[in-house]
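Chemist: Structure: protein12.cif, mmCIF, C-alpha atoms.
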```cif
data_upload
#
loop_
_atom_site.label_atom_id
_atom_site.label_comp_id
_atom_site.auth_asym_id
_atom_site.auth_seq_id
_atom_site.Cartn_x
_atom_site.Cartn_y
_atom_site.Cartn_z
CA MET A 1 22.62 -20.25 -6.43
CA ARG A 2 26.29 -20.00 -5.59
CA PHE A 3 28.28 -17.37 -7.41
CA SER A 4 31.90 -18.14 -8.20
CA ALA A 5 33.05 -14.59 -8.92
CA LEU A 6 35.44 -13.26 -6.33
CA LEU A 7 34.18 -10.30 -4.38
CA PRO A 8 36.82 -7.83 -3.28
CA LEU A 9 37.18 -5.56 -0.28
CA LEU A 10 34.73 -7.61 1.68
CA ALA A 11 32.45 -6.16 4.21
CA ALA A 12 30.23 -9.13 4.72
CA VAL A 13 28.78 -11.02 7.56
CA PRO A 14 26.08 -12.37 9.76
CA VAL A 15 23.98 -11.06 12.46
CA PHE A 16 20.76 -11.96 14.00
CA ALA A 17 19.09 -11.96 17.29
CA PHE A 18 18.35 -15.09 19.21
CA PRO A 19 17.41 -14.24 22.79
CA GLY A 20 18.66 -16.66 25.37
CA VAL A 21 21.79 -17.75 23.49
CA ALA A 22 24.83 -17.96 25.75
CA THR A 23 27.32 -15.34 24.56
CA ALA A 24 30.53 -15.47 26.54
CA THR A 25 33.00 -12.84 25.39
CA PRO A 26 35.21 -14.40 22.68
CA THR A 27 38.98 -14.17 23.17
CA CYS A 28 40.33 -15.43 19.83
CA PHE A 29 40.59 -12.09 18.02
CA ASP A 30 43.63 -9.91 17.37
CA THR A 31 42.42 -6.32 17.39
CA ALA A 32 45.77 -5.16 15.99
CA VAL A 33 44.89 -6.65 12.59
CA PRO A 34 43.97 -3.74 10.27
CA LEU A 35 40.35 -3.33 9.26
CA THR A 36 38.87 -1.84 6.10
CA VAL A 37 37.78 1.79 6.09
CA GLU A 38 34.16 0.64 6.30
CA GLU A 39 34.87 -1.62 9.27
CA GLN A 40 36.73 1.15 11.07
CA ARG A 41 33.49 3.16 11.17
CA LEU A 42 32.11 0.63 13.68
CA THR A 43 33.63 2.81 16.41
CA ALA A 44 32.22 6.05 15.02
CA THR A 45 29.87 8.05 17.22
CA MET A 46 27.81 11.09 16.39
CA PRO A 47 29.92 14.29 16.44
CA ALA A 48 28.36 15.18 19.80
CA GLY A 49 29.37 11.80 21.26
CA GLY A 50 27.33 8.94 22.63
CA PRO A 51 27.48 5.22 21.80
CA ALA A 52 29.06 3.93 18.60
CA VAL A 53 26.26 4.26 16.05
CA GLY A 54 26.64 1.02 14.10
CA PRO A 55 26.71 -1.36 17.08
CA GLU A 56 23.86 0.56 18.70
CA LEU A 57 21.66 0.08 15.62
CA VAL A 58 22.54 -3.63 15.66
CA ARG A 59 21.50 -3.81 19.31
CA LEU A 60 18.25 -1.93 18.77
CA ALA A 61 17.33 -4.36 15.97
CA GLY A 62 17.99 -7.38 18.19
CA PHE A 63 20.87 -8.67 16.06
CA ASP A 64 23.55 -8.30 18.73
CA SER A 65 23.14 -11.72 20.35
CA PHE A 66 23.53 -13.43 16.99
CA VAL A 67 26.74 -11.52 16.32
CA ALA A 68 28.01 -12.74 19.67
CA GLU A 69 26.89 -16.29 18.89
CA VAL A 70 28.75 -16.38 15.59
CA LYS A 71 31.90 -15.02 17.21
CA HIS A 72 31.64 -17.69 19.89
CA ASP A 73 31.19 -20.44 17.30
CA LEU A 74 34.14 -19.14 15.31
CA CYS A 75 36.38 -19.27 18.36
CA ALA A 76 35.14 -22.78 19.11
CA ALA A 77 35.89 -24.06 15.59
CA ARG A 78 38.69 -26.63 15.58
CA THR A 79 38.93 -27.38 11.85
CA PRO A 80 38.92 -25.28 8.67
CA ARG A 81 35.77 -27.06 7.50
CA ARG A 82 33.90 -26.19 10.68
CA ALA A 83 35.02 -22.55 10.51
CA GLU A 84 33.96 -22.31 6.88
CA HIS A 85 30.55 -23.73 7.77
CA VAL A 86 30.13 -21.21 10.62
CA VAL A 87 30.83 -18.15 8.50
CA THR A 88 29.00 -19.31 5.36
CA GLN A 89 25.86 -20.21 7.26
CA ALA A 90 26.05 -16.97 9.24
CA GLY A 91 26.04 -14.88 6.05
CA ASP A 92 23.06 -16.76 4.63
CA ARG A 93 21.16 -16.50 7.91
CA LEU A 94 21.91 -12.80 8.25
CA TRP A 95 20.24 -12.03 4.94
CA ARG A 96 17.30 -14.33 5.58
CA THR A 97 16.72 -12.96 9.08
CA ALA A 98 17.04 -9.35 7.90
CA VAL A 99 14.41 -10.00 5.22
CA ASP A 100 12.10 -11.76 7.66
CA ARG A 101 12.44 -8.93 10.16
CA ALA A 102 11.83 -6.28 7.47
CA GLN A 103 8.69 -8.05 6.26
CA GLY A 104 7.24 -8.45 9.75
CA ARG A 105 7.92 -12.15 10.33
CA ARG A 106 10.30 -11.55 13.25
CA PRO A 107 8.51 -9.20 15.68
CA ASP A 108 10.69 -10.67 18.45
CA LEU A 109 13.79 -8.91 17.09
CA GLY A 110 14.41 -5.57 18.74
CA THR A 111 12.49 -2.32 18.93
CA LEU A 112 13.88 -0.55 15.86
CA ASP A 113 11.54 0.17 12.94
CA ARG A 114 11.35 -3.00 10.83
CA PHE A 115 11.85 -0.99 7.60
CA ASP A 116 15.31 0.09 8.78
CA ASP A 117 18.07 -1.27 6.52
CA ARG A 118 20.97 -0.13 8.70
CA PRO A 119 21.22 -3.08 11.12
CA LEU A 120 21.97 -5.44 8.22
CA TYR A 121 24.81 -3.20 7.05
CA TRP A 122 26.42 -2.71 10.45
CA ALA A 123 25.96 -6.32 11.57
CA ARG A 124 27.68 -7.43 8.37
CA LEU A 125 30.62 -5.18 9.19
CA GLN A 126 30.80 -6.43 12.78
CA LEU A 127 31.20 -9.99 11.58
CA SER A 128 33.46 -9.28 8.62
CA SER A 129 35.81 -7.50 11.00
CA ALA A 130 35.61 -10.50 13.35
CA VAL A 131 36.53 -12.91 10.54
CA ARG A 132 39.38 -10.60 9.53
CA GLN A 133 40.79 -10.43 13.08
CA TRP A 134 40.08 -14.05 14.07
CA VAL A 135 43.13 -16.03 15.22
CA PRO A 136 42.36 -19.73 14.61
CA SER A 137 44.03 -22.55 16.50
CA PHE A 138 44.94 -24.20 13.18
CA SER A 139 46.37 -23.25 9.80
CA LEU A 140 43.77 -21.35 7.79
CA PRO A 141 43.98 -22.05 4.04
CA ASP A 142 42.09 -19.05 2.64
CA ARG A 143 40.61 -16.29 4.79
CA HIS A 144 39.68 -14.29 1.68
CA SER A 145 37.37 -17.05 0.48
CA MET A 146 35.67 -17.12 3.87
CA LEU A 147 35.11 -13.37 3.74
CA SER A 148 33.77 -13.72 0.21
CA ALA A 149 31.33 -16.41 1.32
CA PHE A 150 30.20 -14.15 4.18
CA ASP A 151 29.58 -11.34 1.81
CA ARG A 152 27.66 -13.27 -0.82
CA GLY A 153 25.34 -14.79 1.74
CA SER A 154 24.68 -11.59 3.66
CA ARG A 155 23.74 -9.75 0.46
CA GLY A 156 21.26 -12.36 -0.75
CA LEU A 157 23.54 -13.38 -3.63
CA ASP A 158 23.30 -17.05 -2.71
CA ASP A 159 19.54 -16.83 -2.21
CA VAL A 160 18.27 -15.99 -5.71
CA ARG A 161 15.84 -18.82 -6.45
CA PHE A 162 13.05 -18.25 -8.94
CA PRO A 163 10.29 -20.79 -9.61
CA ALA A 164 9.98 -22.44 -12.99
CA GLY A 165 6.82 -22.26 -15.08
CA LYS A 166 4.77 -19.37 -16.38
CA THR A 167 5.01 -17.17 -13.27
CA ARG A 168 6.60 -13.82 -14.06
CA ARG A 169 9.95 -13.17 -12.39
CA VAL A 170 11.48 -9.86 -11.31
CA MET A 171 15.02 -9.32 -10.02
CA VAL A 172 15.91 -6.13 -8.17
CA SER A 173 18.93 -4.78 -6.32
CA GLY A 174 19.42 -2.15 -3.64
CA PHE A 175 22.50 -0.60 -2.08
CA ASP A 176 24.21 -0.21 1.29
CA PRO A 177 24.11 3.15 3.07
CA PHE A 178 26.84 5.54 1.90
CA GLN A 179 28.35 8.97 2.71
CA LEU A 180 28.81 7.73 6.27
CA ASP A 181 31.51 10.05 7.60
CA GLY A 182 30.76 12.55 10.37
CA SER A 183 27.06 12.89 11.13
CA GLY A 184 26.40 10.75 8.05
CA VAL A 185 27.22 7.67 10.12
CA ARG A 186 23.49 7.33 10.88
CA ILE A 187 22.44 7.40 7.20
CA SER A 188 19.95 4.86 5.90
CA ASN A 189 19.48 3.92 2.23
CA PRO A 190 15.84 3.57 1.11
CA ALA A 191 16.98 1.46 -1.85
CA GLY A 192 18.43 -1.12 0.53
CA ALA A 193 15.29 -0.93 2.66
CA SER A 194 13.17 -1.51 -0.46
CA ALA A 195 15.22 -4.56 -1.46
CA LEU A 196 14.54 -6.12 1.95
CA GLN A 197 10.82 -5.47 1.52
CA LEU A 198 10.79 -6.99 -1.98
CA ASP A 199 12.85 -10.15 -1.58
CA GLY A 200 10.65 -13.22 -2.02
CA ARG A 201 7.48 -11.15 -2.33
CA VAL A 202 4.76 -12.24 -4.79
CA LEU A 203 3.28 -9.24 -6.61
CA ASP A 204 -0.28 -9.24 -7.93
CA THR A 205 -0.10 -7.80 -11.47
CA PRO A 206 -2.59 -7.62 -14.39
CA SER A 207 -0.44 -10.30 -16.06
CA GLY A 208 -0.69 -12.62 -13.07
CA PRO A 209 1.54 -13.19 -10.05
CA ALA A 210 5.18 -12.09 -10.22
CA VAL A 211 7.88 -13.39 -7.88
CA VAL A 212 10.63 -10.98 -6.81
CA GLN A 213 14.18 -11.83 -5.79
CA ALA A 214 16.40 -9.08 -4.37
CA VAL A 215 20.07 -8.56 -3.61
CA SER A 216 21.99 -5.71 -2.01
CA PHE A 217 25.15 -4.22 -3.54
CA PRO A 218 28.08 -2.55 -1.76
CA VAL A 219 29.01 1.05 -2.43
CA VAL A 220 32.58 0.07 -3.31
CA TRP A 221 34.17 0.39 -6.76
CA GLY A 222 36.33 -2.69 -6.22
CA TYR A 223 33.39 -5.04 -5.89
CA PHE A 224 32.08 -3.79 -9.22
CA ASP A 225 35.51 -4.33 -10.80
CA GLU A 226 35.32 -7.96 -9.73
CA GLY A 227 31.93 -8.44 -11.37
CA ILE A 228 29.46 -8.52 -8.49
CA VAL A 229 26.69 -7.08 -10.69
CA GLU A 230 27.30 -9.52 -13.53
CA ALA A 231 27.56 -12.43 -11.10
CA ALA A 232 24.18 -11.53 -9.63
CA TYR A 233 22.17 -10.63 -12.72
CA GLY A 234 24.11 -12.67 -15.28
CA SER A 235 23.83 -15.87 -13.28
CA ALA A 236 20.07 -15.42 -13.02
CA LEU A 237 19.77 -14.63 -16.72
CA ARG A 238 21.69 -17.74 -17.73
CA ASP A 239 19.09 -19.98 -16.10
CA ARG A 240 16.88 -20.62 -19.15
CA THR A 241 13.97 -22.13 -17.25
CA ARG A 242 13.91 -19.58 -14.43
CA ARG A 243 15.44 -16.40 -15.82
CA PRO A 244 13.85 -13.10 -14.74
CA ASP A 245 11.50 -11.24 -17.07
CA VAL A 246 12.42 -7.88 -15.53
CA LEU A 247 15.65 -6.46 -14.09
CA MET A 248 15.44 -3.29 -12.01
CA THR A 249 18.40 -1.81 -10.19
CA ILE A 250 17.40 0.63 -7.44
CA SER A 251 19.33 3.36 -5.66
CA GLN A 252 18.77 6.61 -3.78
CA GLY A 253 18.53 9.64 -6.04
CA ARG A 254 17.15 13.17 -5.84
CA PRO A 255 15.03 14.87 -3.18
CA GLY A 256 11.27 14.71 -3.46
CA GLN A 257 10.76 12.41 -6.44
CA PHE A 258 11.31 9.04 -8.09
CA ASP A 259 13.24 8.94 -11.36
CA ILE A 260 13.00 6.17 -13.94
CA GLU A 261 16.31 6.61 -15.76
CA ARG A 262 16.24 6.45 -19.56
CA TRP A 263 20.02 6.15 -20.08
CA ALA A 264 22.94 4.45 -18.34
CA GLY A 265 26.39 5.66 -19.35
CA ASN A 266 29.81 4.05 -19.66
CA TRP A 267 31.71 6.37 -17.30
CA ARG A 268 32.83 6.59 -13.68
CA GLY A 269 32.99 10.09 -12.28
CA GLY A 270 35.38 9.39 -9.42
CA PHE A 271 33.25 10.18 -6.37
CA PRO A 272 34.72 8.38 -3.31
CA ASP A 273 33.13 5.09 -2.29
CA ASN A 274 32.59 3.66 1.20
CA ASP A 275 36.30 2.80 1.42
CA ASN A 276 37.16 6.38 0.39
CA VAL A 277 38.50 5.18 -2.96
CA SER A 278 37.97 7.26 -6.11
CA VAL A 279 37.95 5.81 -9.63
CA THR A 280 37.56 7.72 -12.89
CA GLY A 281 37.24 6.37 -16.42
CA ALA A 282 35.21 4.01 -18.55
CA VAL A 283 33.35 1.16 -16.84
CA PRO A 284 35.65 -1.87 -17.17
CA PRO A 285 34.32 -5.18 -18.46
CA ALA A 286 33.77 -8.08 -16.06
CA ALA A 287 35.80 -11.18 -16.88
CA GLY A 288 33.88 -14.17 -18.15
CA TRP A 289 30.73 -12.39 -19.32
CA PRO A 290 29.63 -11.43 -22.85
CA GLN A 291 29.42 -7.64 -22.95
CA PRO A 292 28.89 -5.39 -25.97
CA ASP A 293 31.14 -2.36 -26.40
CA VAL A 294 28.58 0.43 -25.96
CA GLN A 295 28.55 3.92 -24.51
CA PHE A 296 24.89 4.18 -23.50
CA ILE A 297 22.15 1.67 -22.74
CA GLU A 298 18.50 2.69 -22.88
CA THR A 299 15.93 1.43 -20.41
CA THR A 300 13.40 -1.14 -21.56
CA LEU A 301 11.30 -0.92 -18.41
CA PRO A 302 7.58 -0.24 -19.10
CA TYR A 303 7.94 3.34 -17.91
CA PRO A 304 4.56 4.59 -19.21
CA ARG A 305 2.81 2.21 -16.81
CA MET A 306 5.23 3.05 -14.02
CA LEU A 307 4.62 6.78 -14.46
CA GLY A 308 1.00 6.14 -13.53
CA VAL A 309 1.90 4.86 -10.06
CA THR A 310 0.75 7.25 -7.37
CA GLY A 311 1.97 7.56 -3.83
CA ALA A 312 3.75 9.95 -1.52
CA TYR A 313 6.14 11.11 -4.27
CA PRO A 314 5.80 12.00 -7.97
CA VAL A 315 7.41 9.67 -10.53
CA ASN A 316 9.54 11.25 -13.29
CA PHE A 317 11.01 9.84 -16.50
CA ASN A 318 14.54 11.27 -16.62
CA GLU A 319 15.88 11.56 -20.18
CA ALA A 320 19.09 13.43 -19.31
CA PHE A 321 22.59 12.25 -20.21
CA CYS A 322 26.00 13.86 -20.69
CA VAL A 323 28.84 13.35 -23.20
CA TRP A 324 32.46 14.47 -23.48
CA PRO A 325 32.97 17.29 -26.01
CA ASP A 326 35.92 15.56 -27.74
CA PRO A 327 35.31 11.83 -28.33
CA ALA A 328 39.04 11.34 -28.90
CA HIS A 329 39.88 12.63 -25.41
CA PRO A 330 37.24 11.47 -22.90
CA GLY A 331 37.62 12.94 -19.46
CA THR A 332 38.70 16.36 -20.73
CA GLY A 333 36.73 19.50 -21.43
CA ALA A 334 33.32 20.64 -20.25
CA THR A 335 30.69 17.90 -20.36
CA VAL A 336 27.70 18.50 -22.61
CA CYS A 337 24.32 17.44 -21.18
CA ARG A 338 21.14 16.94 -23.23
CA SER A 339 17.74 15.23 -23.15
CA ASP A 340 17.38 13.90 -26.70
CA ALA A 341 19.42 10.78 -27.54
CA PRO A 342 23.16 10.09 -27.79
CA ALA A 343 24.56 10.22 -31.31
CA PRO A 344 26.80 7.52 -32.78
CA GLY A 345 30.40 8.06 -31.76
CA GLU A 346 29.62 10.18 -28.69
CA ILE A 347 31.43 9.15 -25.50
CA ALA A 348 29.48 8.92 -22.26
CA ALA A 349 30.30 11.24 -19.38
CA SER A 350 27.14 10.38 -17.44
CA GLY A 351 23.87 8.58 -17.75
CA GLY A 352 20.68 10.14 -16.46
CA GLY A 353 21.42 8.32 -13.23
CA GLY A 354 24.77 10.08 -12.87
CA ASN A 355 28.24 8.52 -13.04
CA TYR A 356 28.45 6.86 -9.65
CA LEU A 357 27.70 3.26 -8.71
CA SER A 358 23.93 3.57 -9.20
CA ASN A 359 24.43 4.37 -12.88
CA GLU A 360 27.00 1.58 -13.06
CA SER A 361 24.59 -0.97 -11.61
CA MET A 362 22.13 -0.22 -14.43
CA PHE A 363 24.88 -0.19 -17.05
CA ARG A 364 26.49 -3.47 -15.97
CA SER A 365 23.27 -5.43 -15.44
CA ASN A 366 21.92 -4.41 -18.83
CA ARG A 367 25.25 -4.74 -20.61
CA VAL A 368 25.36 -8.40 -19.63
CA ARG A 369 21.66 -8.76 -20.53
CA LEU A 370 22.42 -7.48 -24.03
CA GLY A 371 25.58 -9.57 -24.20
CA LEU A 372 23.48 -12.66 -23.59
CA GLY A 373 21.11 -11.58 -26.36
CA LEU A 374 18.12 -11.22 -24.03
CA THR A 375 16.46 -8.22 -25.63
CA SER A 376 13.01 -9.46 -24.56
CA VAL A 377 13.96 -9.08 -20.88
CA ALA A 378 13.07 -5.63 -19.55
CA GLY A 379 15.83 -3.77 -17.75
CA GLY A 380 16.44 -0.38 -16.21
CA HIS A 381 17.01 1.71 -13.11
CA LEU A 382 14.80 3.36 -10.51
CA HIS A 383 16.07 6.19 -8.34
CA THR A 384 14.18 6.69 -5.08
CA PRO A 385 13.74 10.04 -3.35
CA VAL A 386 16.41 11.06 -0.87
CA LEU A 387 15.42 9.89 2.59
CA GLY A 388 17.34 12.46 4.61
CA GLN A 389 18.13 12.03 8.30
CA PRO A 390 16.27 12.36 11.61
CA ALA A 391 15.50 15.96 12.50
CA ASP A 392 17.30 15.84 15.85
CA PRO A 393 21.03 15.97 15.01
CA VAL A 394 21.84 13.43 17.73
CA ALA A 395 18.92 11.02 17.18
CA LEU A 396 19.35 7.70 15.38
CA THR A 397 15.71 7.65 14.30
CA ASP A 398 12.41 9.45 14.70
CA ALA A 399 8.81 9.01 13.58
CA ASP A 400 9.04 11.26 10.50
CA PHE A 401 12.27 9.62 9.33
CA GLU A 402 10.66 6.19 9.66
CA ALA A 403 7.47 7.32 7.91
CA ARG A 404 9.42 8.69 4.94
CA ARG A 405 11.39 5.47 4.54
CA GLN A 406 8.23 3.35 4.76
CA ALA A 407 6.46 5.58 2.20
CA ILE A 408 9.38 5.24 -0.23
CA ALA A 409 9.59 1.45 0.18
CA THR A 410 5.83 1.07 -0.21
CA GLN A 411 5.87 3.07 -3.45
CA VAL A 412 8.86 1.04 -4.73
CA ILE A 413 6.73 -2.10 -4.30
CA ALA A 414 3.98 -0.46 -6.37
CA LEU A 415 6.49 0.56 -9.04
CA ALA A 416 7.96 -2.96 -9.13
CA THR A 417 4.42 -4.29 -9.55
CA ALA A 418 3.87 -1.98 -12.52
CA ALA A 419 7.22 -3.01 -14.03
CA ALA A 420 6.40 -6.69 -13.57
CA ALA A 421 3.14 -6.49 -15.52
CA GLY A 422 4.89 -6.66 -18.88
CA PRO A 423 5.44 -4.47 -21.97
CA ASP A 424 3.72 -1.15 -22.33
CA ALA A 425 3.81 1.63 -24.90
CA GLY A 426 2.04 4.71 -26.13
CA SER A 427 2.22 7.19 -23.26
CA PRO A 428 4.25 10.37 -23.81
CA ARG A 429 7.63 10.61 -22.17
CA ARG A 430 7.98 13.01 -19.33
CA THR A 431 10.84 15.47 -19.60
CA THR A 432 12.92 16.93 -16.79
CA GLU A 433 14.30 20.35 -16.00
CA SER A 434 17.69 21.15 -17.53
CA ALA A 435 19.63 18.01 -18.34
CA ARG A 436 22.72 19.13 -16.43
CA ALA A 437 20.71 20.00 -13.33
CA ALA A 438 18.96 16.63 -13.48
CA VAL A 439 22.27 14.78 -13.54
CA GLU A 440 24.20 16.95 -11.10
CA SER A 441 21.49 16.63 -8.43
CA LEU A 442 22.23 12.91 -7.99
CA PRO A 443 24.49 11.76 -5.14
CA GLY A 444 28.00 10.89 -6.24
CA THR A 445 27.78 12.51 -9.66
CA VAL A 446 30.86 14.46 -10.79
CA LEU A 447 30.71 16.59 -13.97
CA THR A 448 33.19 19.08 -15.37
CA ARG A 449 32.14 22.43 -16.77
#
```
Go ahead and express the file in the form of structure tokens.

Modeler:
Amino acid sequence: MRFSALLPLLAAVPVFAFPGVATATPTCFDTAVPLTVEEQRLTATMPAGGPAVGPELVRLAGFDSFVAEVKHDLCAARTPRRAEHVVTQAGDRLWRTAVDRAQGRRPDLGTLDRFDDRPLYWARLQLSSAVRQWVPSFSLPDRHSMLSAFDRGSRGLDDVRFPAGKTRRVMVSGFDPFQLDGSGVRISNPAGASALQLDGRVLDTPSGPAVVQAVSFPVVWGYFDEGIVEAAYGSALRDRTRRPDVLMTISQGRPGQFDIERWAGNWRGGFPDNDNVSVTGAVPPAAGWPQPDVQFIETTLPYPRMLGVTGAYPVNFNEAFCVWPDPAHPGTGATVCRSDAPAPGEIAASGGGGNYLSNESMFRSNRVRLGLGLTSVAGGHLHTPVLGQPADPVALTDADFEARRQAIATQVIALATAAAAGPDAGSPRRTTESARAAVESLPGTVLTR
């Protein structure tokens, strides 16, 4: 499906590896054109030096020759229509090839672990920067629309296609890597890796087969302002004959455990995003979508069944949330965190999933679900364990790092299978440690005391 919502601050693009493709160095780019903060990290090395990390990961995954091919084709384009075709198709192919590589259908692409999500992220940035700095030989009507098309395609947003009929349908979303400054430039996001493993997969559940469609979200506030979450989930939900039965947003959470989040909250804590932008305040509505005015949204995922999933990590049901002490003045005073249930009139300071973009992905996807009146569709958020980084401070990967990521992704598949099986009830809820500690331990969460 094609989404019409504009996507901001684009970091989109295509990249794949096709050995044998002629890749003469393109000469139609103006490197003086400013890049986004994300794109500027393409030159970042590890603090100790060495090759630029992003391009090296693209090379190790075998995507470098496709990047070169797309740049060549862009330089060769002689009409706006041809250029638009080049970049749109490149975005779509980047996502499809990244999924195929992740799921083992492209063993010809590079030597990097196939569960690695980072090549998709960095290849996207390589090509978005190329589109931004491209100097065409003709008048270009709308470069922003081209970048938007890149981005949608390379995130799987144009590839959400569920079958009709009685087959169960599950839609999930992951995230890009984040906290990439300094040595963090080599960070991987197991939620993004899990999305690549899940896209198009057919799960065998007690209720029959379930088809999964996945997308990947940026860690950028501006994209969320423009409605990327609503465009993804809302568009799928509006399809009456093929709408998903289950929505599950996924992000990286706390060390050593999975968390099924009970509550999503209507608040942004202000932690900087991948463009180093901070935003604080209530989650704004997305234009064009029905959205109830609520402070908290409770999960409707079948968490009792999900809590029974075993694997490398324990699975926790996180009931924590935080409110502002004075409902008339949100954003001031020491936040109050509890594990019971929000009372009428209380103003959200954080959901159990924090107050960063992970919490917001759950809040927005389920706010539009409720706005469309689809209370029978299950929805909620899964936080994965923190992946960490390779032990060697200058290594881009190692066996333990790869094993942890694979273990997390494998258990996410099992949890998605449990979620896809349908309604469940009766098991006791599992509580956490202190509510404040549960919330504060999540990346990007900002609370006041």

Chemist: Please enumerate the residues selected by the PyMOL selection byres ((chain A and resi 339-354) around 7) when evaluated against the supplied file, formatted as an MDAnalysis selection string.

Modeler: chainID A and resid 261:267 295:296 318:324 327 330 335 338 355:356 358:359 435 439 442 445

Chemist: Can you list, as an MDAnalysis selection string, the residues that the PyMOL selection byres ((chain A and resi 56) around 12) selects here?

Modeler: chainID A and resid 42:46 50:55 57:64 110:112 118:119 122:123 126 185:186 395:397

Chemist: Written as a ChimeraX atom specification, which residues does the PyMOL selection byres ((chain A and resi 219-222) around 10) give for the file shown?

Modeler: /A:7-11,38,175-179,216-218,223-228,268,270-279,356-358,360

Chemist: Could you check how far atom CA of A:Gly380 sits from atom CA of A:Thr299, in Å to one decimal?

Modeler: 4.6 Å

Chemist: Which is closer to A:Gly379 than all the others in A:Thr167, A:Gln411, A:Ser441, A:Thr249, using all atoms listed in the file?

Modeler: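 Of the candidates, the smallest distance to A:Gly379 is held by A:Thr249.
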
Chemist: Rank nothing, just name the residue among A:Leu180, A:Val215, A:Val170, A:Val309 nearest to A:Ser154, using all atoms listed in the file.

Modeler: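 Closest to A:Ser154 of all the choices is A:Val215.
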
Chemist: May I ask you to restore N, CA and C atoms in stretch 219-235 of chain A and write the result as a tab-separated table (two decimals), keeping the file's coordinate frame?

Modeler:
```
chain	number	residue	atom	x	y	z
A	219	VAL	N	28.64	-0.21	-1.79
A	219	VAL	CA	29.01	1.05	-2.43
A	219	VAL	C	30.54	1.11	-2.45
A	220	VAL	N	31.12	0.22	-3.23
A	220	VAL	CA	32.58	0.07	-3.31
A	220	VAL	C	32.94	-0.25	-4.76
A	221	TRP	N	33.78	0.59	-5.36
A	221	TRP	CA	34.17	0.39	-6.76
A	221	TRP	C	34.78	-0.99	-6.97
A	222	GLY	N	35.61	-1.44	-6.03
A	222	GLY	CA	36.33	-2.69	-6.22
A	222	GLY	C	35.44	-3.89	-6.41
A	223	TYR	N	34.34	-3.94	-5.70
A	223	TYR	CA	33.39	-5.04	-5.89
A	223	TYR	C	32.88	-5.06	-7.33
A	224	PHE	N	32.60	-3.88	-7.87
A	224	PHE	CA	32.08	-3.79	-9.22
A	224	PHE	C	33.15	-4.21	-10.23
A	225	ASP	N	34.41	-3.88	-9.95
A	225	ASP	CA	35.51	-4.33	-10.80
A	225	ASP	C	35.56	-5.85	-10.88
A	226	GLU	N	35.25	-6.51	-9.78
A	226	GLU	CA	35.32	-7.96	-9.73
A	226	GLU	C	34.08	-8.64	-10.27
A	227	GLY	N	33.08	-7.86	-10.69
A	227	GLY	CA	31.93	-8.44	-11.37
A	227	GLY	C	30.77	-8.83	-10.50
A	228	ILE	N	30.57	-8.14	-9.37
A	228	ILE	CA	29.46	-8.52	-8.49
A	228	ILE	C	28.11	-8.35	-9.19
A	229	VAL	N	27.97	-7.31	-10.01
A	229	VAL	CA	26.69	-7.08	-10.69
A	229	VAL	C	26.43	-8.17	-11.73
A	230	GLU	N	27.45	-8.48	-12.52
A	230	GLU	CA	27.30	-9.52	-13.53
A	230	GLU	C	27.07	-10.88	-12.89
A	231	ALA	N	27.77	-11.15	-11.78
A	231	ALA	CA	27.56	-12.43	-11.10
A	231	ALA	C	26.13	-12.57	-10.62
A	232	ALA	N	25.56	-11.48	-10.12
A	232	ALA	CA	24.18	-11.53	-9.63
A	232	ALA	C	23.18	-11.64	-10.78
A	233	TYR	N	23.17	-10.66	-11.66
A	233	TYR	CA	22.17	-10.63	-12.72
A	233	TYR	C	22.48	-11.64	-13.83
A	234	GLY	N	23.75	-11.75	-14.20
A	234	GLY	CA	24.11	-12.67	-15.28
A	234	GLY	C	23.82	-14.11	-14.93
A	235	SER	N	24.11	-14.50	-13.68
A	235	SER	CA	23.83	-15.87	-13.28
A	235	SER	C	22.34	-16.17	-13.34
```
